[in-house]
There are 2 protein chains.
Amino acid sequence: MEFSFTTLGIASALPTADSYPSAHVFKCRGRLFLIDCGEGCQALMRRSGISILKIENIFLSHLHGDHIFGIFGLLSTMILQGRTAPLYIYAPKAFHHTLKYFKDYHGDGMLYEIVFVPLEMKEKMKIIDLHNLEVYAFPMNHKIETFGFLFKEKEPQLNVHKYLVEADNLSLHEIAMLKNGEDVIREDGEILENQKYTYIPFEPRSFAYCSDTAPFERQAEWISGVNLLYHEATYCSDNTDRASKYFHSTAAQAAQVASTAGAGKLILGHFSSRYADKKQFLQEARDIFAESYLASEGTVFEVPLKRLDY
Amino acid sequence: MEFSFTTLGIASALPTADSYPSAHVFKCRGRLFLIDCGEGCQALMRRSGISILKIENIFLSHLHGDHIFGIFGLLSTMILQGRTAPLYIYAPKAFHHTLKYFKDYHGDGMLYEIVFVPLEMKEKMKIIDLHNLEVYAFPMNHKIETFGFLFKEKEPQLNVHKYLVEADNLSLHEIAMLKNGEDVIREDGEILENQKYTYIPFEPRSFAYCSDTAPFERQAEWISGVNLLYHEATYCSDNTDRASKYFHSTAAQAAQVASTAGAGKLILGHFSSRYADKKQFLQEARDIFAESYLASEGTVFEVPLKRLDY
């Protein structure tokens, strides 16, 4: 029942000797989503023991090089590994140029299909609807067209309290109706109210990815109540003006978003190379939002499953 | 008077967790040449303390992704660093597609000119002629159009033996004539034979880069007598058939080229990821050519200057 986010590339546009540009992996119950794909992504995945062939979906927030230049090597490696499963890429619509370049000049021997899903919404919109997971995309506030992503587990099917199954001698048919959210009316007219008999077995979990962006009005609303939030923090407060000029966020701004949205935990990343020491990011964020953490290569942020059985 | 080759990316098409695809730096007397530019190249350069802004020329042997996918990040970083000096790129002519893709979609804010020199020779040809260095390119034997490179210091100007300057009371004019390779005829008819009075102050050095290629007929001839040879060795002898099928070389074949060419020293690289331990490459090469060495990230192979003063 894994629900985790692994930070791989934590640098911004100018990588350093020991940190790479944006690349991350979100895992949900065996499914693997790559979010952004900066240069070096495939090496980072290997170092973190994440299988490249297991990627089903790639999400590219925007088309700045530090978020996409790893895609060429990754797609090539998939060719060499003999991938046949289709690969879904969600990205701003202009990504078709990059895809065309890749296919035209580096696509020899490709046995898998790339299904490109262009993003162009102006509001928050559902883009994937799976059995137990929904993914939403929403526009953000960056220099070029950029999208954030929200992953939400679906409400699980209701469970029926075990002690009532026995106490009221529920039939299989009655249990099925209750699990389906219905009330039961017995032949003798007795009404079994759904609310009394059922409970939600676990709290659905959620994760949001916001990079790159300056804060914007509807951000906290669109990710309201998210358990885990990855938010870019390119600068500290000494460069608030610069952050604004380049449509980036400071650590404090990211923390403010987390706080307003009522997030559970905040991960900061996309650090400018001008900060040798990352402590400043953490301190400025924690002054506003205590549950702030720094991204680092290969760190796994897990949202544990809260079972509500009783 | 540096003349050195630094190996950075030593993997072949499938990089491993701790080795990157082809990228190397050749340095000659303060000039810096990047040879191949696989994914991760700019991070490798940073880790080895090599300045990205100092690159004047980039040589791309061929257009397989593992030799060029680092170019996007590198050219972008040069934009961010505010480069204004022109950058020369020598590559097979089809590289103009990659350049067009980069300029069209990632070239915003570029203040430097890229001078693209397409390679399409069928014979060994001089492509750069500097004050003290010549560079040659020649076609190799790979699946797609691929070029090798030969860097040769020029013969230095002659020096005049100091003891003869004093013994024969040479005038400045006579010294200049001798340095210029001429004989001197004095007013009294005495002839100062150039050969007796002059010597070459140091042996010109040379370096050749051969990757990717299967052995080919004129290879040893074209790099004859080279001091330092980098040669791909994708496989060991257990995969000789595979090497031949994919137009690559084994360590033994690379060593045979070095031996036939009378090379001074051989560096092996471009290792297939199927070999966890590189010792086999070294052993098989040294059985044929004792002065064989393995490339590894950041290793500098220097050709020391042999001064001939006396």
# chains A, B, ... in the order shown; residues from 1 in each chain; ligands from 1

$ interface_residues --of "chain A" --to "chain B" --cutoff "8 Å" --atoms "only C-alpha atoms" --output "MDAnalysis selection string"
chainID A and resid 13:18 20 39:40 43:44 46:47 64:66 69:70 72:73 76:77 80 97:98 101 106

$ select_by_dssp --residues "segment 65-289 of chain B" --states "helix (DSSP H, G or I)" --output "ChimeraX atom specification"
/B:65-68,71-80,95-106,162-167,172-179,194-197,219-222,237-245,251-261,279-286

$ closest_residue --among "A:Phe116, A:Phe301, A:Phe202, A:Phe26" --to "Glu155 of chain A" --atoms "only C-alpha atoms"
A:Phe202

$ residues_around --residues "Gln253 of chain A" --least-positions-apart "5" --cutoff "12 Å" --atoms "only C-alpha atoms" --output "ChimeraX atom specification"
/A:213-216,219-220,231-237,239-240,243-244,247-248,258-260,266,268,281,284-289

$ residues_around --residues "Ala85 of chain B" --least-positions-apart "3" --cutoff "10 Å" --atoms "only C-alpha atoms" --output "PDB file with N, CA and C atoms, in the first residue's frame"
ATOM      1  N   LEU B  53      33.008  27.253 -19.191  1.00  0.00           N
ATOM      2  CA  LEU B  53      33.186  28.436 -20.048  1.00  0.00           C
ATOM      3  C   LEU B  53      34.477  28.384 -20.862  1.00  0.00           C
ATOM      4  N   LYS B  54      35.428  27.566 -20.423  1.00  0.00           N
ATOM      5  CA  LYS B  54      36.715  27.508 -21.143  1.00  0.00           C
ATOM      6  C   LYS B  54      36.673  26.649 -22.405  1.00  0.00           C
ATOM      7  N   ILE B  55      35.579  25.930 -22.595  1.00  0.00           N
ATOM      8  CA  ILE B  55      35.498  25.103 -23.806  1.00  0.00           C
ATOM      9  C   ILE B  55      35.432  26.008 -25.031  1.00  0.00           C
ATOM     10  N   GLU B  56      36.342  25.808 -25.955  1.00  0.00           N
ATOM     11  CA  GLU B  56      36.301  26.569 -27.211  1.00  0.00           C
ATOM     12  C   GLU B  56      35.743  25.717 -28.333  1.00  0.00           C
ATOM     13  N   MET B  78      25.778  27.321 -20.644  1.00  0.00           N
ATOM     14  CA  MET B  78      26.564  28.413 -21.237  1.00  0.00           C
ATOM     15  C   MET B  78      25.699  29.664 -21.410  1.00  0.00           C
ATOM     16  N   GLY B  82      26.084  33.326 -19.233  1.00  0.00           N
ATOM     17  CA  GLY B  82      26.319  34.562 -19.985  1.00  0.00           C
ATOM     18  C   GLY B  82      27.436  34.481 -20.994  1.00  0.00           C
ATOM     19  N   TYR B  88      32.736  26.502 -31.143  1.00  0.00           N
ATOM     20  CA  TYR B  88      32.858  25.730 -32.380  1.00  0.00           C
ATOM     21  C   TYR B  88      32.464  24.289 -32.104  1.00  0.00           C
ATOM     22  N   LEU B 111      23.609  34.453 -25.988  1.00  0.00           N
ATOM     23  CA  LEU B 111      24.414  35.602 -26.410  1.00  0.00           C
ATOM     24  C   LEU B 111      25.656  35.170 -27.188  1.00  0.00           C
ATOM     25  N   TYR B 112      25.850  33.870 -27.350  1.00  0.00           N
ATOM     26  CA  TYR B 112      27.050  33.408 -28.053  1.00  0.00           C
ATOM     27  C   TYR B 112      26.653  32.723 -29.355  1.00  0.00           C
ATOM     28  N   GLU B 113      27.599  32.759 -30.270  1.00  0.00           N
ATOM     29  CA  GLU B 113      27.344  32.143 -31.571  1.00  0.00           C
ATOM     30  C   GLU B 113      27.875  30.715 -31.565  1.00  0.00           C
ATOM     31  N   ILE B 114      27.106  29.820 -32.149  1.00  0.00           N
ATOM     32  CA  ILE B 114      27.613  28.466 -32.339  1.00  0.00           C
ATOM     33  C   ILE B 114      28.039  28.325 -33.793  1.00  0.00           C
TER      34      ILE B 114
END

$ residues_around --residues "segment 138-151 of chain B" --least-positions-apart "6" --cutoff "8 Å" --atoms "only C-alpha atoms" --output "ChimeraX atom specification"
/B:61-63,92,119,121-125,206-216,219,222-223,246-248
